[in-house]
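Have a look at the structure below, then the notes.
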Amino acid sequence: MEGAFFSVISREYAFKQLTDQTLDALIIGGGITGAGIAQDMASRGLRVGLIDKQDFAGGTSSRSTKLIHGGLRYLKQLEIGLVREVGRERSILYKNAPHLVTPEYMLLPIIKKGSLSKWMAAIALYIYEKLAGVSPEESRKMLSKEETEKREPLLDKDILKGGALYYEYRTDDARLVIDVLKTANSYGAICLNYAAADDFIYENNALTGLVIKDQLNDQKHTVKAKYIINAAGPWVDNLREKDHSLQGKRLHHTKGVHLVVPRHRLPLKQSIYFDTPDGRMIFAIPRAGTTYIGTTDTEYKKSLENPLVSKQDVAYLLKAVNTIFPTVHLVTKDITSTWAGLRPLIHQDGKSPSELSRKDEIFIAPSGLISIAGGKLTGYRMMAKRITDLVIKKLEAADTKTAFKKCSTDVTRLSGGAFSLSLSLNDFIEQMTSIARVIGADEGQVKSLVNKYGSHTNSILENAIAFFSENNDTGKSIILAELYYTIEHEMVITLNDFLIRRTGRLFFERETLAEAAPFILDEMAKIMKWSSMEKRNNWDGFQVEYMKVVDFR
Ligand code: FAD
């Protein structure tokens, strides 16, 4: 069943499926919030549809710090419940998607005039680990000044007092969304990207459906649903406004920026969470051949569609890095890529961006529109459960003969996550590496595939071997196999879907794209049977993104 409707090839059929029935729920937004809700609802037996006006994860869910947080920073804001919840969620996700979630030590340097003294860090980490339910194997380690220096020789020795190691889990946010959606789809959820909620349909003032605009051809479709869920992230209030129900609490948008530099320009030995000169804390995280740095947290009132990295954002992050690592002297021209995202937070009077709570909230409008905003990538499963429980309660109250299943997302492997423990993930990588040797691929290339596609890597490699027998080129064969897989099973529609959200190449391999992108465009045009105009539009769309990530104003 998996992937049955999760390809552009069955797009028309998917629209028909949406319009031919009255759904139990129609979700607006294919970021992590909407994706999680679709999985939970579909697996409990609801008839569910999900639409996104852009690509899936085209909003905030491809622009985060890419961490499944234990929630250390929420401790500072005394958000005890949140720390407990995200800590628990982190281990559930690790169990269900080990290919996407990698536990790793984070170094917390303790510096003169920093936000934490050594004993405060020890107490904070102790409380954090108790609340988050951190296992003994992953418990913190306090380090002396010498040990910290040894761990990271680039740190400023003059201000360093010591350090602490604690566990953070790394992920790929956009891939997480795709795997959750693929799982939702395997339970029958009908999910469409490039399909916008254009208008609400009411009967006797109650919301009964949506007019959906197909962004690929401007056609409109009417879809009926018992409940409409607004999981539109930064756009939640736009839809509440359209529904005339924007009252009381509102969204407060803040922008967060990340910079990417080549690994050799910031050759950290491991991920670091460090103090900035203005009292905030930011991450520097090695990834593939790069290190990425972020994030900022600033008020945002401009276009929601296109948050940009400004010169001030760049200056702020470079200053922070150059202060703590005084010998690296990073400059703007070291930056190879960037991304900017918007946090859809709930406004609280008198609080600065960094002080605003990351908790989610649900708003139910008189029309019946159910909106959910705030929250974190890490907490998506519980957000989804809260919404699904609410909708099921309403459905069961309206029809007492119907009973839906209990939530099982805590024990459901995500698509690609069919491994028992990290050990067997390693076994799988080893197995795949021996297969990949036939085409001259190394362990690094295989790991990168497994971290994206998990257990589906097997079928991707089979195709890569077939392509290799024709072209004798390892890199191109792998790209081609990924291209076919993501078009057939992951709803890739544009060149940018592939290069940005399915593979992250624009962020972490941008230097390779001058050579690789024209080849990928040509192959995609063949597979998708694009007209010359469609091909040109895809190229132009890519050029905009390619330039935007290094254009700071
Ligand atoms: P989105 O991902 O924005 O999804 C909403 C979707 O709705 C969009 O794709 C949009 O196209 C769609 N949409 C809007 N209007 C319509 C319409 N009319 N019709 C159809 N579709 C529509 N969390 C963590 O756990 N770990 C982190 O490391 C982390 N780092 C972060 C760093 C930054 C800089 C930021 C900004 C956030 C970070 N977060 C992190 C928070 C996390 O990324 C967000 O909470 C989460 O991605 C929000 O997901 P969402 O689905 O609610 O919104």
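Residue names in the structure tokens use chain letters A, B, ... in the order shown, residue numbers from 1 in each chain, and ligand numbers from 1 in the order shown.
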message = Can you pull out every residue from region 266-511 of chain A that DSSP, working from the backbone, puts in strand (DSSP E or B), and format the result as a VMD selection string?
response = chain A and resid 271 to 275 281 to 287 290 to 294 298 to 299 337 to 346 361 to 364 370 to 373
Just the selected residues (C-alpha atoms), exported as a compact mmCIF listing (two decimals), in the first residue's frame, please.
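That gives us part_17.txt:
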```
# COMPACT_ATOMS: atom_id res chain seq x y z
CA SER A 271 28.74 20.07 17.94
CA ILE A 272 28.89 23.01 20.34
CA TYR A 273 26.21 25.06 22.09
CA PHE A 274 27.82 28.32 23.12
CA ASP A 275 27.20 31.79 24.57
CA MET A 281 23.16 30.78 23.06
CA ILE A 282 23.68 29.33 19.59
CA PHE A 283 24.75 26.06 18.00
CA ALA A 284 27.63 25.22 15.67
CA ILE A 285 27.07 21.76 14.19
CA PRO A 286 29.39 19.83 11.86
CA ARG A 287 27.47 18.11 9.07
CA THR A 290 30.21 21.69 6.34
CA THR A 291 29.56 23.29 9.71
CA TYR A 292 26.30 25.16 10.23
CA ILE A 293 25.76 27.91 12.76
CA GLY A 294 22.56 29.24 14.27
CA THR A 298 14.41 38.42 15.89
CA GLU A 299 11.01 40.09 15.46
CA SER A 337 24.68 28.50 2.03
CA THR A 338 22.05 29.69 4.51
CA TRP A 339 18.42 29.29 5.46
CA ALA A 340 15.91 31.46 7.29
CA GLY A 341 12.78 30.21 9.03
CA LEU A 342 9.85 31.71 10.91
CA ARG A 343 8.75 30.50 14.33
CA PRO A 344 4.97 30.48 14.63
CA LEU A 345 4.92 31.36 18.35
CA ILE A 346 1.98 32.48 20.48
CA GLU A 361 -2.02 25.91 21.63
CA ILE A 362 -5.28 24.85 20.02
CA PHE A 363 -7.96 27.35 19.00
CA ILE A 364 -11.50 26.23 18.12
CA ILE A 370 -9.59 23.84 14.55
CA SER A 371 -6.24 25.64 14.55
CA ILE A 372 -2.99 24.52 16.15
CA ALA A 373 0.05 26.75 16.49
```
message = Please extract the residues of region 333-403 of chain A with a backbone DSSP assignment of helix (DSSP H, G or I) and present them as a list in words.
response = Lys333, Asp334, Pro353, Ser354, Glu355, Tyr380, Arg381, Met382, Met383, Ala384, Lys385, Arg386, Ile387, Thr388, Asp389, Leu390, Val391, Ile392, Lys393, Lys394, Leu395, Glu396, Ala397 and Ala398 of chain A
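One finds CA of Arg63 (chain A) at 6.3 Å from atom 32 (C, counted along the ligand's line) of ligand 1.
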query = Neighbours of Thr474 (chain A) within 10 Å (only C-alpha atoms; same-chain residues fewer than 5 positions away dropped), as a ChimeraX atom specification?
reply = /A:436-442,445,464-465,467-469,479
Given the selection you just returned, output its residues as a file containing N, CA, C and O atoms, formatted as a short mmCIF file (atom, residue, chain, number, x, y, z; two decimals), in the first residue's frame.
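Done, and the output landed in again_15.cif:
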```cif
data_model
loop_
_atom_site.label_atom_id
_atom_site.label_comp_id
_atom_site.auth_asym_id
_atom_site.auth_seq_id
_atom_site.Cartn_x
_atom_site.Cartn_y
_atom_site.Cartn_z
N ALA A 436 27.10 -1.58 -2.32
CA ALA A 436 27.45 -0.36 -3.06
C ALA A 436 28.86 -0.40 -3.64
O ALA A 436 29.19 0.38 -4.54
N ARG A 437 29.71 -1.28 -3.08
CA ARG A 437 31.08 -1.38 -3.61
C ARG A 437 31.10 -1.72 -5.09
O ARG A 437 31.98 -1.31 -5.82
N VAL A 438 30.08 -2.47 -5.53
CA VAL A 438 29.97 -2.87 -6.94
C VAL A 438 30.04 -1.65 -7.86
O VAL A 438 30.55 -1.71 -8.98
N ILE A 439 29.48 -0.52 -7.37
CA ILE A 439 29.49 0.67 -8.22
C ILE A 439 30.54 1.68 -7.75
O ILE A 439 30.52 2.85 -8.14
N GLY A 440 31.43 1.23 -6.87
CA GLY A 440 32.52 2.10 -6.43
C GLY A 440 32.12 3.13 -5.40
O GLY A 440 32.84 4.11 -5.17
N ALA A 441 30.96 2.93 -4.74
CA ALA A 441 30.54 3.91 -3.72
C ALA A 441 31.19 3.57 -2.37
O ALA A 441 31.39 2.39 -2.07
N ASP A 442 31.52 4.60 -1.58
CA ASP A 442 32.15 4.34 -0.29
C ASP A 442 31.13 4.42 0.85
O ASP A 442 29.96 4.74 0.64
N GLN A 445 29.10 7.69 1.28
CA GLN A 445 27.97 7.86 0.36
C GLN A 445 26.77 7.00 0.80
O GLN A 445 25.63 7.45 0.71
N ALA A 464 20.63 2.14 -8.65
CA ALA A 464 21.93 2.78 -8.92
C ALA A 464 22.85 1.80 -9.66
O ALA A 464 23.58 2.18 -10.58
N ILE A 465 22.78 0.52 -9.26
CA ILE A 465 23.62 -0.49 -9.93
C ILE A 465 23.22 -0.61 -11.40
O ILE A 465 24.07 -0.67 -12.30
N PHE A 467 21.85 1.73 -13.26
CA PHE A 467 22.31 2.94 -13.99
C PHE A 467 23.82 2.88 -14.23
O PHE A 467 24.31 3.29 -15.28
N PHE A 468 24.53 2.36 -13.22
CA PHE A 468 25.99 2.30 -13.32
C PHE A 468 26.41 1.41 -14.50
O PHE A 468 27.40 1.70 -15.19
N SER A 469 25.64 0.36 -14.73
CA SER A 469 26.02 -0.54 -15.84
C SER A 469 25.90 0.19 -17.17
O SER A 469 26.50 -0.19 -18.16
N ILE A 479 22.62 9.67 -7.93
CA ILE A 479 21.67 10.78 -8.07
C ILE A 479 20.44 10.33 -8.87
O ILE A 479 19.29 10.61 -8.51
#
```
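Residues in contact range of Asp24 (chain A), defined as at most 8 Å between only C-alpha atoms, with sequence neighbours fewer than 6 positions away removed, read Leu46, Arg47, Val48, Ala225, Lys226 and Tyr227 of chain A.
Summary of the local environment: counting only C-alpha atoms, residues at most 12 Å from Glu137 (chain A), other than itself and those fewer than 6 positions away along its chain, are Pro103, Glu104, Tyr105, Glu129, Tyr166 and Tyr167 of chain A.
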inquiry  = Residues near Ser367 (chain A), anyone? I mean within 12 Å using only C-alpha atoms, not counting same-chain ones fewer than 3 positions away, as a PyMOL selection string.
reply    = chain A and resi 200-209+226-229+240+242-246+363-364+370-371
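Distances here use only C-alpha atoms; by that measure, the residue among A:Arg501, A:Arg413, A:Arg140, A:Lys406 closest to Ser186 (chain A) is A:Arg413.
Restricting the calculation to only C-alpha atoms, the smallest distance between Leu107 (chain A) and any of A:Gly49, A:Gly162, A:Pro136, A:Gly58 is found for A:Gly162.
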message = Neighbouring residues of Ala184 (chain A) were defined as those with any atom within 7 Å, considering only C-alpha atoms; residues of the same chain fewer than 6 positions away were excluded. Please report them as an NGL selection string.
response = :A and (38-39 or 42)
Those same residues, written as a CSV table (one decimal), in the first residue's frame with all heavy atoms?
```csv
chain,number,residue,atom,x,y,z
A,38,ALA,N,-1.9,13.9,10.3
A,38,ALA,CA,-2.4,13.0,9.2
A,38,ALA,C,-2.0,11.6,9.6
A,38,ALA,O,-2.8,10.7,9.4
A,38,ALA,CB,-1.7,13.4,7.9
A,39,GLN,N,-0.8,11.4,10.1
A,39,GLN,CA,-0.4,10.0,10.5
A,39,GLN,C,-1.3,9.4,11.6
A,39,GLN,O,-1.8,8.3,11.5
A,39,GLN,CB,1.1,9.9,10.9
A,39,GLN,CG,1.5,8.5,11.2
A,39,GLN,CD,2.7,8.4,12.1
A,39,GLN,OE1,3.5,9.3,12.2
A,39,GLN,NE2,2.9,7.2,12.7
A,42,ALA,N,-5.1,9.0,10.3
A,42,ALA,CA,-5.2,7.9,9.4
A,42,ALA,C,-5.0,6.5,10.1
A,42,ALA,O,-5.8,5.6,9.8
A,42,ALA,CB,-4.3,8.0,8.2
```
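Comparing A:Leu72, A:Leu108, A:Leu125, A:Ile80 by their smallest distance to ligand 1, the closest is A:Leu72 (using only C-alpha atoms and all ligand atoms).
Nearest-residue note for Gly163 (chain A): choosing from A:Pro267, A:Gly31, A:Pro353, A:Pro109, the minimum distance belongs to A:Pro109, counting only C-alpha atoms.
Of the residues under consideration (A:Val134, A:Ala365, A:Val180, A:Cys407), A:Val180 shows the shortest atom-to-atom contact distance to Leu100 (chain A) when counting only C-alpha atoms.
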remark   = CA of Lys95 (chain A) to CA of Val411 (chain A) measures 8.3 Å
